[in-house]
file input34.cif (mmCIF, C-alpha atoms)
data_query
loop_
_atom_site.label_atom_id
_atom_site.label_comp_id
_atom_site.auth_asym_id
_atom_site.auth_seq_id
_atom_site.Cartn_x
_atom_site.Cartn_y
_atom_site.Cartn_z
CA MET A 97 0.00 0.00 0.00
CA GLU A 98 1.39 3.34 -1.01
CA ASN A 99 1.46 6.42 1.19
CA VAL A 100 0.52 4.70 4.43
CA LYS A 101 -0.50 7.31 6.97
CA HIS A 102 -1.17 5.00 9.89
CA TRP A 103 0.49 1.66 10.45
CA THR A 104 -2.86 -0.12 10.92
CA GLN A 105 -3.74 0.65 7.30
CA ARG A 106 -1.49 -2.18 6.17
CA SER A 107 -3.49 -5.16 7.34
CA THR A 108 -6.35 -6.33 9.48
CA ALA A 109 -3.76 -8.06 11.66
CA ASP A 110 -2.15 -4.70 12.37
CA PHE A 111 -5.49 -3.13 13.21
CA VAL A 112 -6.37 -6.04 15.49
CA HIS A 113 -2.98 -5.76 17.18
CA ASN A 114 -3.56 -2.07 17.86
CA ILE A 115 -7.04 -2.42 19.35
CA SER A 116 -6.01 -5.52 21.32
CA SER A 117 -3.02 -3.63 22.69
CA ASP A 118 -5.27 -0.73 23.66
CA PHE A 119 -7.58 -3.17 25.43
CA VAL A 120 -4.73 -4.79 27.34
CA GLY A 121 -3.51 -1.29 28.18
CA GLN A 122 -6.86 -0.70 29.88
CA LEU A 123 -6.40 -3.88 31.89
CA GLU A 124 -2.84 -2.98 32.87
CA THR A 125 -3.92 0.49 33.90
CA ARG A 126 -6.62 -1.05 36.09
CA MET A 127 -4.06 -3.42 37.62
CA GLU A 128 -1.70 -0.52 38.39
CA GLU A 129 -4.49 1.56 39.91
CA LYS A 130 -5.71 -1.30 42.08
CA GLY A 131 -2.27 -2.67 42.94
CA ILE A 132 -2.98 -6.01 41.30
CA SER A 133 0.07 -7.93 40.13
CA ARG A 134 0.17 -10.37 37.25
CA GLY A 135 0.45 -13.13 39.85
CA ASP A 136 -2.71 -11.90 41.54
CA LEU A 137 -4.52 -11.89 38.22
CA ALA A 138 -3.26 -15.38 37.44
CA ARG A 139 -4.69 -16.65 40.73
CA ARG A 140 -8.04 -15.00 40.04
CA LEU A 141 -8.15 -16.65 36.63
CA ASN A 142 -6.79 -19.96 37.89
CA LYS A 143 -4.03 -19.73 35.29
CA THR A 144 -0.26 -19.86 35.51
CA ASN A 145 1.77 -16.66 35.74
CA GLY A 146 3.36 -17.59 32.45
CA ARG A 147 0.04 -17.88 30.67
CA VAL A 148 -1.12 -14.49 31.97
CA SER A 149 2.14 -12.83 30.94
CA GLN A 150 1.88 -14.45 27.53
CA VAL A 151 -1.56 -12.95 26.99
CA LEU A 152 -0.63 -9.51 28.30
CA ASN A 153 2.64 -9.41 26.37
CA ASN A 154 1.13 -10.64 23.11
CA PRO A 155 -2.19 -8.84 22.87
CA GLY A 156 -2.46 -9.50 19.14
CA ASN A 157 -3.57 -13.06 19.90
CA ILE A 158 -6.18 -12.26 22.53
CA GLY A 159 -9.68 -13.49 21.70
CA LEU A 160 -13.07 -12.31 22.85
CA ARG A 161 -13.56 -15.01 25.46
CA VAL A 162 -10.17 -14.39 26.98
CA SER A 163 -10.80 -10.64 26.88
CA VAL A 164 -14.00 -11.06 28.84
CA ASP A 165 -12.40 -13.47 31.33
CA TYR A 166 -9.52 -11.10 32.07
CA ALA A 167 -11.74 -8.03 32.34
CA ARG A 168 -14.20 -9.81 34.62
CA ALA A 169 -11.34 -10.96 36.83
CA LEU A 170 -10.50 -7.29 37.28
CA GLY A 171 -14.11 -6.31 38.04
CA MET A 172 -14.70 -4.81 34.61
CA LYS A 173 -16.98 -5.49 31.66
CA VAL A 174 -16.30 -5.46 27.94
CA SER A 175 -18.25 -3.92 25.09
CA LEU A 176 -17.37 -4.39 21.47
CA VAL A 177 -18.05 -1.04 19.81
CA ALA A 178 -18.35 -0.25 16.13
CA TYR A 179 -18.21 3.41 15.21
CA ASP A 180 -17.87 5.73 12.23
CA ASP A 181 -15.30 8.48 12.82
CA GLY A 182 -15.40 9.72 9.22
CA ASP A 183 -12.05 8.09 8.50
CA SER A 184 -13.12 5.32 6.13
CA LYS A 185 -9.57 4.95 4.79
CA ASN A 186 -8.23 4.54 8.30
CA GLU A 187 -5.61 7.23 7.86
CA ALA A 188 -5.63 8.06 11.57
CA GLY A 189 -5.90 4.62 13.14
CA PRO A 190 -8.44 3.44 15.71
CA ILE A 191 -9.81 5.66 18.46
CA ASN A 192 -8.45 4.71 21.85
CA PRO A 193 -11.14 2.92 23.90
CA ASP A 194 -10.56 5.25 26.85
CA VAL A 195 -12.01 8.06 24.74
CA PHE A 196 -15.30 6.18 24.71
CA VAL A 197 -15.01 5.33 28.39
CA LYS A 198 -14.34 8.96 29.39
CA CYS A 199 -17.28 10.19 27.32
CA TRP A 200 -19.52 7.60 28.91
CA GLU A 201 -18.34 8.54 32.39
CA ARG A 202 -18.86 12.25 31.67
CA CYS A 203 -22.43 11.47 30.73
CA ASN A 204 -22.89 9.96 34.18
CA GLN A 205 -22.50 6.39 32.94
CA PRO A 206 -25.91 6.04 31.24
CA LYS A 207 -27.27 2.53 31.38
CA ASP A 208 -29.48 2.89 28.35
CA LEU A 209 -30.17 5.24 25.44
CA PHE A 210 -32.87 7.14 27.33
CA GLU A 211 -30.31 8.31 29.88
CA VAL A 212 -28.02 9.33 27.04
CA VAL A 213 -30.71 11.59 25.58
CA ASP A 214 -31.22 13.29 28.96
CA ALA A 215 -27.51 13.92 29.37
CA ASN A 216 -27.13 15.22 25.84
CA SER A 217 -29.60 18.10 26.09
CA TYR A 218 -26.85 20.37 27.45
CA CYS A 219 -24.49 19.42 24.67
CA ILE A 220 -27.10 20.21 22.04
CA ASN A 221 -27.52 23.69 23.49
CA VAL A 222 -23.82 24.34 23.33
CA ILE A 223 -23.39 23.11 19.80
CA ALA A 224 -26.39 25.14 18.65
CA ALA A 225 -24.73 28.21 20.09
CA GLY A 226 -21.82 27.75 17.74
CA TRP A 227 -19.13 26.06 19.77
CA GLU A 228 -16.88 23.46 18.32
CA PRO A 229 -17.61 20.10 19.98
CA ALA A 230 -13.89 19.35 20.31
CA ARG A 231 -13.44 22.52 22.31
CA MET A 232 -16.37 21.75 24.52
CA GLN A 233 -14.63 18.98 26.41
CA TRP A 234 -11.50 20.96 27.02
CA SER A 235 -13.06 23.81 28.93
CA ALA A 236 -16.48 22.61 29.81
CA GLY A 237 -16.75 24.94 32.77
CA TYR A 238 -16.55 27.97 30.55
CA PHE A 239 -19.30 26.73 28.32
CA ILE A 240 -21.63 26.36 31.22
CA GLY A 241 -21.19 30.06 31.90
CA TYR A 242 -21.80 30.81 28.28
CA ALA A 243 -24.99 28.84 28.16
CA HIS A 244 -26.16 30.38 31.44
CA ALA A 245 -25.75 33.95 30.26
CA THR A 246 -27.10 33.55 26.77
CA LEU A 247 -30.03 31.30 27.56
CA ASP A 248 -30.96 32.92 30.81
CA GLU A 249 -34.57 31.76 30.94
CA SER A 250 -33.50 28.14 30.96
CA ALA A 251 -30.22 28.53 32.80
CA LYS A 252 -31.16 26.33 35.68
CA GLN A 253 -32.30 23.56 33.39
CA ILE A 254 -29.07 23.80 31.45
CA ALA A 255 -27.10 23.71 34.65
CA TRP A 256 -28.80 20.56 35.78
CA ASN A 257 -28.42 18.98 32.39
CA SER A 258 -24.74 19.88 32.57
CA ALA A 259 -24.53 18.21 35.93
CA SER A 260 -25.87 15.05 34.38
CA CYS A 261 -23.06 15.31 31.83
CA GLY A 262 -20.64 14.85 34.69
CA PHE A 263 -19.57 18.49 35.17
CA LYS A 264 -20.73 18.55 38.74
CA THR A 265 -17.76 20.36 40.19
CA LEU A 266 -15.61 23.07 38.74
CA HIS A 267 -12.52 24.26 40.52
CA GLY A 268 -13.58 22.26 43.55
CA GLN A 269 -16.91 24.02 44.03
CA SER A 270 -20.45 23.30 43.02
CA MET A 271 -21.14 24.01 39.39
CA ILE A 272 -24.09 26.32 39.78
CA SER A 273 -22.39 28.73 42.16
CA GLU A 274 -19.38 28.71 39.86
CA ILE A 275 -21.22 30.12 36.86
CA PRO A 276 -19.62 33.52 36.33
CA THR A 277 -21.34 36.71 35.32
CA VAL A 278 -20.08 37.96 32.00
CA PRO A 279 -21.10 41.11 30.13
CA GLU A 280 -23.93 40.31 27.76
CA GLN A 281 -22.33 42.04 24.80
CA THR A 282 -19.44 39.59 24.70
CA PHE A 283 -21.73 36.79 23.63
CA SER A 284 -22.17 35.94 20.01
CA ASP A 285 -22.03 32.91 17.81
CA LYS A 286 -19.26 34.52 15.78
CA THR A 287 -15.89 32.95 16.34
CA GLY A 288 -14.12 36.14 17.32
CA ASP A 289 -16.66 37.11 19.94
CA VAL A 290 -16.80 33.64 21.36
CA TYR A 291 -13.06 33.73 21.79
CA ALA A 292 -13.32 36.99 23.73
CA THR A 293 -15.98 35.43 25.91
CA GLN A 294 -13.86 32.43 26.68
CA LYS A 295 -11.04 34.67 27.81
CA ALA A 296 -13.32 36.75 30.00
CA ILE A 297 -14.79 33.75 31.77
CA SER A 298 -11.42 32.13 32.05
CA ALA A 299 -10.13 35.15 33.93
CA GLN A 300 -13.01 35.01 36.38
CA CYS A 301 -12.67 31.32 37.05
CA ALA A 302 -8.91 31.43 37.51
CA MET B 185 29.92 15.36 23.23
CA SER B 186 30.05 17.06 19.90
CA GLN B 187 26.58 18.10 18.83
CA GLY B 188 26.87 19.27 15.21
CA ALA B 189 23.83 19.59 13.04
CA LEU B 190 20.99 17.40 14.21
CA SER B 191 17.67 16.65 12.62
CA PHE B 192 14.24 15.76 13.87
CA ARG B 193 11.47 13.69 12.31
CA MET B 194 8.13 12.43 13.53
CA VAL B 195 7.65 8.71 14.13
CA PRO B 196 6.13 7.56 10.85
CA GLU B 197 2.67 6.06 10.50
CA THR B 198 1.55 6.84 14.02
CA ARG B 199 -1.45 8.77 15.23
CA ARG B 200 -1.24 12.55 15.04
CA SER B 201 -2.88 14.91 17.45
CA GLU B 202 -3.03 18.64 18.13
CA ARG B 203 -1.99 18.00 21.71
CA ARG B 204 0.79 15.41 21.57
CA GLY B 205 3.37 14.14 19.12
CA ILE B 206 6.39 11.84 19.10
CA GLY B 207 9.52 12.01 17.01
CA PHE B 208 13.19 11.14 16.79
CA LEU B 209 16.26 13.28 17.22
CA GLU B 210 19.00 12.14 14.86
CA GLY B 211 22.44 13.09 13.60
CA HIS B 212 24.84 11.79 16.24
CA GLY B 213 26.11 8.30 17.01
CA GLU B 214 24.61 8.37 20.47
CA LEU B 215 21.17 9.26 19.13
CA ASN B 216 20.25 5.72 18.16
CA ALA B 217 16.52 5.63 18.94
CA ALA B 218 15.45 6.16 15.32
CA THR B 219 17.72 3.56 13.76
CA VAL B 220 16.94 0.93 16.38
CA PHE B 221 13.23 1.59 15.97
CA ASP B 222 13.47 1.29 12.18
CA ASP B 223 15.29 -2.04 12.53
CA LEU B 224 12.98 -3.57 15.11
CA SER B 225 11.22 -6.79 14.23
CA ALA B 226 7.48 -6.67 13.57
CA LYS B 227 6.16 -7.52 17.02
CA PRO B 228 7.98 -4.95 19.17
CA LYS B 229 7.51 -2.33 16.47
CA ARG B 230 3.76 -2.95 16.49
CA ASP B 231 3.75 -2.78 20.28
CA LEU B 232 5.67 0.47 20.34
CA ARG B 233 3.45 2.07 17.74
CA ALA B 234 0.38 1.04 19.69
CA PHE B 235 1.88 2.41 22.93
CA MET B 236 2.81 5.65 21.21
CA GLY B 237 -0.73 5.90 19.89
CA GLU B 238 -2.04 5.52 23.42
CA TRP B 239 0.13 8.34 24.70
CA VAL B 240 -0.68 10.60 21.77
CA SER B 241 -4.38 9.95 22.41
CA GLY B 242 -3.96 11.42 25.88
CA LYS B 243 -3.30 8.42 28.09
CA ASP B 244 -0.66 8.69 30.81
CA ARG B 245 -0.77 5.07 31.89
CA PRO B 246 -0.03 2.18 32.16
CA GLU B 247 3.49 2.77 33.41
CA SER B 248 4.40 -0.67 32.18
CA ARG B 249 4.35 0.87 28.67
CA PHE B 250 5.51 4.48 29.06
CA HIS B 251 6.12 7.00 31.78
CA GLY B 252 8.05 10.06 32.82
CA TRP B 253 9.80 11.11 35.99
CA PRO B 254 7.72 14.10 37.11
CA ASN B 255 8.96 13.88 40.70
CA ASP B 256 12.62 13.82 39.76
CA GLU B 257 13.68 17.45 39.69
CA GLU B 258 16.75 16.76 37.61
CA CYS B 259 15.06 14.54 35.04
CA LYS B 260 11.44 15.59 35.22
CA MET B 261 11.24 16.17 31.45
CA CYS B 262 12.59 12.71 30.61
CA PHE B 263 10.25 10.10 29.21
CA VAL B 264 10.48 6.46 28.20
CA PHE B 265 8.60 4.03 25.99
CA LYS B 266 9.11 0.33 26.68
CA ALA B 267 8.83 -2.74 24.49
CA LYS B 268 9.61 -6.42 24.91
CA GLU B 269 11.24 -8.53 22.24
CA LYS B 270 11.62 -12.11 23.41
CA ASN B 271 14.08 -11.76 26.29
CA ARG B 272 15.11 -8.24 25.43
CA ASN B 273 13.57 -5.24 27.11
CA HIS B 274 13.84 -2.19 24.89
CA ARG B 275 13.80 1.27 26.40
CA PHE B 276 13.42 4.32 24.19
CA TYR B 277 14.42 7.33 26.22
CA GLY B 278 13.55 10.89 25.31
CA TYR B 279 12.32 14.15 26.73
CA LEU B 280 9.16 16.20 26.64
CA CYS B 281 9.00 19.76 25.41
CA ASN B 282 6.47 22.31 24.15
CA PRO B 283 7.80 23.47 20.78
CA LEU B 284 4.79 25.60 19.79
CA THR B 285 4.68 28.09 22.64
CA LYS B 286 3.27 30.84 20.42
CA THR B 287 0.86 29.00 18.16
CA ASN B 288 -0.21 25.94 20.14
CA PRO B 289 1.15 26.14 23.71
CA PRO B 290 -0.46 22.91 24.99
CA PHE B 291 1.17 20.83 22.26
CA ARG B 292 3.63 18.48 23.90
CA LEU B 293 6.33 16.73 21.94
CA CYS B 294 8.21 13.62 23.02
CA VAL B 295 11.69 13.73 21.48
CA LEU B 296 13.13 10.22 21.49
CA CYS B 297 16.91 10.14 21.65
CA ILE B 298 18.44 6.95 23.01
CA GLN B 299 17.54 3.27 22.90
CA ALA B 300 18.94 0.92 25.50
CA LEU B 301 18.36 -2.67 26.50
CA LYS B 302 17.25 -2.84 30.07
CA LYS B 303 18.25 -5.60 32.45
CA GLU B 304 17.93 -4.17 35.91
CA ARG B 305 14.57 -3.27 37.38
CA GLU B 306 15.38 0.39 37.79
CA SER B 307 16.06 2.61 34.80
CA ASP B 308 19.67 3.44 34.21
CA ARG B 309 20.00 6.95 35.50
CA SER B 310 22.94 7.60 33.24
CA GLU B 311 20.57 7.25 30.25
CA LEU B 312 18.32 9.92 31.68
CA LEU B 313 21.20 12.26 32.29
CA ARG B 314 22.40 11.76 28.73
CA VAL B 315 18.91 12.60 27.49
CA LYS B 316 18.92 15.69 29.68
CA ILE B 317 22.14 16.88 28.08
CA TRP B 318 20.65 16.40 24.62
CA SER B 319 17.47 18.23 25.60
CA GLU B 320 19.52 21.25 26.64
CA SER B 321 21.74 21.32 23.57
CA THR B 322 21.28 24.16 21.14
CA ALA B 323 21.65 21.72 18.24
CA ALA B 324 18.62 19.74 19.40
CA GLN B 325 16.61 22.87 20.03
CA GLU B 326 17.46 24.17 16.56
CA ALA B 327 16.50 20.85 14.94
CA ILE B 328 13.13 20.96 16.63
CA ARG B 329 12.67 24.62 15.80
CA GLN B 330 13.24 23.83 12.14
CA PHE B 331 10.60 21.14 12.21
CA PHE B 332 8.18 23.27 14.26
CA PRO B 333 8.76 26.87 13.16
CA ASP B 334 6.09 28.07 15.61
CA ARG B 335 4.86 30.83 13.37
CA PRO B 336 1.27 32.02 13.53
CA MET B 337 -0.97 30.22 11.07
CA THR B 338 -2.38 32.24 8.22
CA HIS B 339 -6.08 32.83 7.89
CA ARG B 340 -6.10 30.37 5.00
CA GLU B 341 -4.41 27.65 7.05
CA THR B 342 -6.80 27.99 9.95
CA GLY B 343 -9.84 28.12 7.71
CA GLY B 344 -10.95 31.21 9.57
CA ARG B 345 -10.92 29.57 12.96
CA GLN B 346 -9.06 31.25 15.76
CA TRP B 347 -8.34 28.06 17.63
CA ARG B 348 -6.10 25.42 16.26
CA MET B 349 -7.22 22.71 18.65
#
call {"tool": "encode", "arguments": {"input": "input34.cif", "output": "structure tokens"}}
result
Amino acid sequence: MENVKHWTQRSTADFVHNISSDFVGQLETRMEEKGISRGDLARRLNKTNGRVSQVLNNPGNIGLRVSVDYARALGMKVSLVAYDDGDSKNEAGPINPDVFVKCWERCNQPKDLFEVVDANSYCINVIAAGWEPARMQWSAGYFIGYAHATLDESAKQIAWNSASCGFKTLHGQSMISEIPTVPEQTFSDKTGDVYATQKAISAQCA
Amino acid sequence: MSQGALSFRMVPETRRSERRGIGFLEGHGELNAATVFDDLSAKPKRDLRAFMGEWVSGKDRPESRFHGWPNDEECKMCFVFKAKEKNRNHRFYGYLCNPLTKTNPPFRLCVLCIQALKKERESDRSELLRVKIWSESTAAQEAIRQFFPDRPMTHRETGGRQWRM
């Protein structure tokens, strides 16, 4: 293949190796956070240390059953997720699974699609106001202020919807009391004005 | 050590991001990370690329794959990626820097310099100190500056957006 932009473009085996490695990375992170050694994991799985190391060191060969067994032994579950990131040629490689996990956690870990819809109402407001979704995650606190000031009549609803997105605390305080007051004229859906607004709120929250 | 003209290149075929990137510093016999990486067999090269992709995506763990030394005042900018190849434990040592302070300040670059085979449990401190010397060299800084000129993007390049991220 000419002009390969990401190494997983070459073969399905490469792609599988990447996503398997990412999955094992999640398991290893969990083990580090919980202080679980490979020996501990082997005992939980009733396997030898060697077998566990073999799986963790060679993620390209891990299968679904083994994936589930290892995750369950660490108190976790597994979902197999298909998604469309607009990169049909796979020039950027797979999305790391922790991106999905973090998004799910930020939405208060919805258990079904109905809870997802409830959590998303805040996000829809923000996007409608002209913000770039990628920017939204980076400085979510500032967007809450933006939404509060521009959509004053429904500010409380937005605040609570935001809370259900996982933005319950900002700078160690409750979200609602943290919403800053910003001059009305700084708000606009034009890029330049939005930038000025972000700076103004940033200064107040600092 | 003599530090004539050095060059920098990004690790090929790995994930790109507006917030993190990884590349090699080359042009001196001691700077062997790039050549060793290029010559790695398929399995450790796949592993390393996957680990690099994790870091570029924003992950800071697991430490079994990559980590820095943030609590070590002398070597707090040093960073390492690890890979196993049969009985050999590869370590690719480098340092972190922010080469786009004017145009994209959060962008963090991992500049890989030295590969070593690790036997002891603890990292060889001498490797970190060698990396530190490279990170402070004007030749390395110039090589990175050439790759990342850090000039403001034109209106055409940004597509009218004020934010690059």
call {"tool": "closest_atom_pairs", "arguments": {"input": "input34.cif", "of": "chain A", "to": "chain B", "cutoff": "9 Å", "atoms": "all atoms listed in the file", "output": "Markdown table"}}
result
| residue | atom | partner | partner_atom | distance |
| --- | --- | --- | --- | --- |
| A:Val100 | CA | B:Glu197 | CA | 6.6 |
| A:Lys101 | CA | B:Glu197 | CA | 4.9 |
| A:His102 | CA | B:Glu197 | CA | 4.0 |
| A:Trp103 | CA | B:Glu197 | CA | 4.9 |
| A:Thr104 | CA | B:Glu197 | CA | 8.3 |
| A:Gln105 | CA | B:Glu197 | CA | 9.0 |
| A:Asp110 | CA | B:Arg230 | CA | 7.4 |
| A:His113 | CA | B:Arg230 | CA | 7.3 |
| A:Asn114 | CA | B:Ala234 | CA | 5.3 |
| A:Ile115 | CA | B:Ala234 | CA | 8.2 |
| A:Ser117 | CA | B:Ala234 | CA | 6.5 |
| A:Asp118 | CA | B:Glu238 | CA | 7.0 |
| A:Gly121 | CA | B:Pro246 | CA | 6.3 |
| A:Gln122 | CA | B:Pro246 | CA | 7.8 |
| A:Leu123 | CA | B:Pro246 | CA | 8.8 |
| A:Glu124 | CA | B:Pro246 | CA | 5.9 |
| A:Thr125 | CA | B:Pro246 | CA | 4.6 |
| A:Arg126 | CA | B:Pro246 | CA | 8.3 |
| A:Met127 | CA | B:Pro246 | CA | 8.8 |
| A:Glu128 | CA | B:Pro246 | CA | 7.0 |
| A:Glu129 | CA | B:Pro246 | CA | 9.0 |
| A:Asn153 | CA | B:Lys268 | CA | 7.7 |
| A:Asn154 | CA | B:Lys227 | CA | 8.5 |
| A:Pro155 | CA | B:Asp231 | CA | 8.9 |
| A:Glu187 | CA | B:Arg199 | CA | 8.6 |
| A:Ala188 | CA | B:Arg199 | CA | 5.6 |
| A:Gly189 | CA | B:Arg199 | CA | 6.4 |
| A:Pro190 | CA | B:Arg199 | CA | 8.8 |
| A:Ile191 | CA | B:Ser241 | CA | 8.0 |
| A:Asn192 | CA | B:Glu238 | CA | 6.6 |
| A:Asp194 | CA | B:Lys243 | CA | 8.0 |
| A:Val195 | CA | B:Ser241 | CA | 8.2 |
| A:Ala230 | CA | B:Met349 | CA | 7.7 |
| A:Arg231 | CA | B:Met349 | CA | 7.2 |
| A:Thr287 | CA | B:Arg345 | CA | 6.9 |
| A:Gly288 | CA | B:Gln346 | CA | 7.2 |
| A:Tyr291 | CA | B:Gln346 | CA | 7.6 |
call {"tool": "closest_residue", "arguments": {"input": "input34.cif", "among": "B:Ser319, B:Ser191, B:Gln299, B:Thr219", "to": "Phe265 (chain B)", "atoms": "all atoms listed in the file"}}
result
B:Gln299
call {"tool": "atom_distance", "arguments": {"input": "input34.cif", "atom1": "CA of Ser149 (chain A)", "atom2": "CA of Ser163 (chain A)"}}
result
13.7 Å
call {"tool": "resolve_selection", "arguments": {"input": "input34.cif", "expression": "the PyMOL selection byres ((chain B and resi 263) around 10)", "output": "PyMOL selection string"}}
result
chain B and resi 250-254+259-262+264-265+275-280+294-296+312+315
call {"tool": "atom_distance", "arguments": {"input": "input34.cif", "atom1": "CA of Asn282 (chain B)", "atom2": "CA of Ala300 (chain B)"}}
result
24.8 Å
call {"tool": "atom_distance", "arguments": {"input": "input34.cif", "atom1": "CA of Asp180 (chain A)", "atom2": "CA of Val112 (chain A)"}}
result
16.8 Å
call {"tool": "resolve_selection", "arguments": {"input": "input34.cif", "expression": "the PyMOL selection byres ((chain A and resi 176) around 12)", "output": "JSON, numbers by chain"}}
result
{"A": [115, 116, 119, 159, 160, 161, 163, 164, 173, 174, 175, 177, 178, 179, 193, 196]}
call {"tool": "residues_around", "arguments": {"input": "input34.cif", "residues": "region 324-336 of chain B", "least_positions_apart": "2", "cutoff": "8 Å", "atoms": "all atoms listed in the file", "output": "PyMOL selection string"}}
result
chain B and resi 189-193+209+283-287+318-322+338
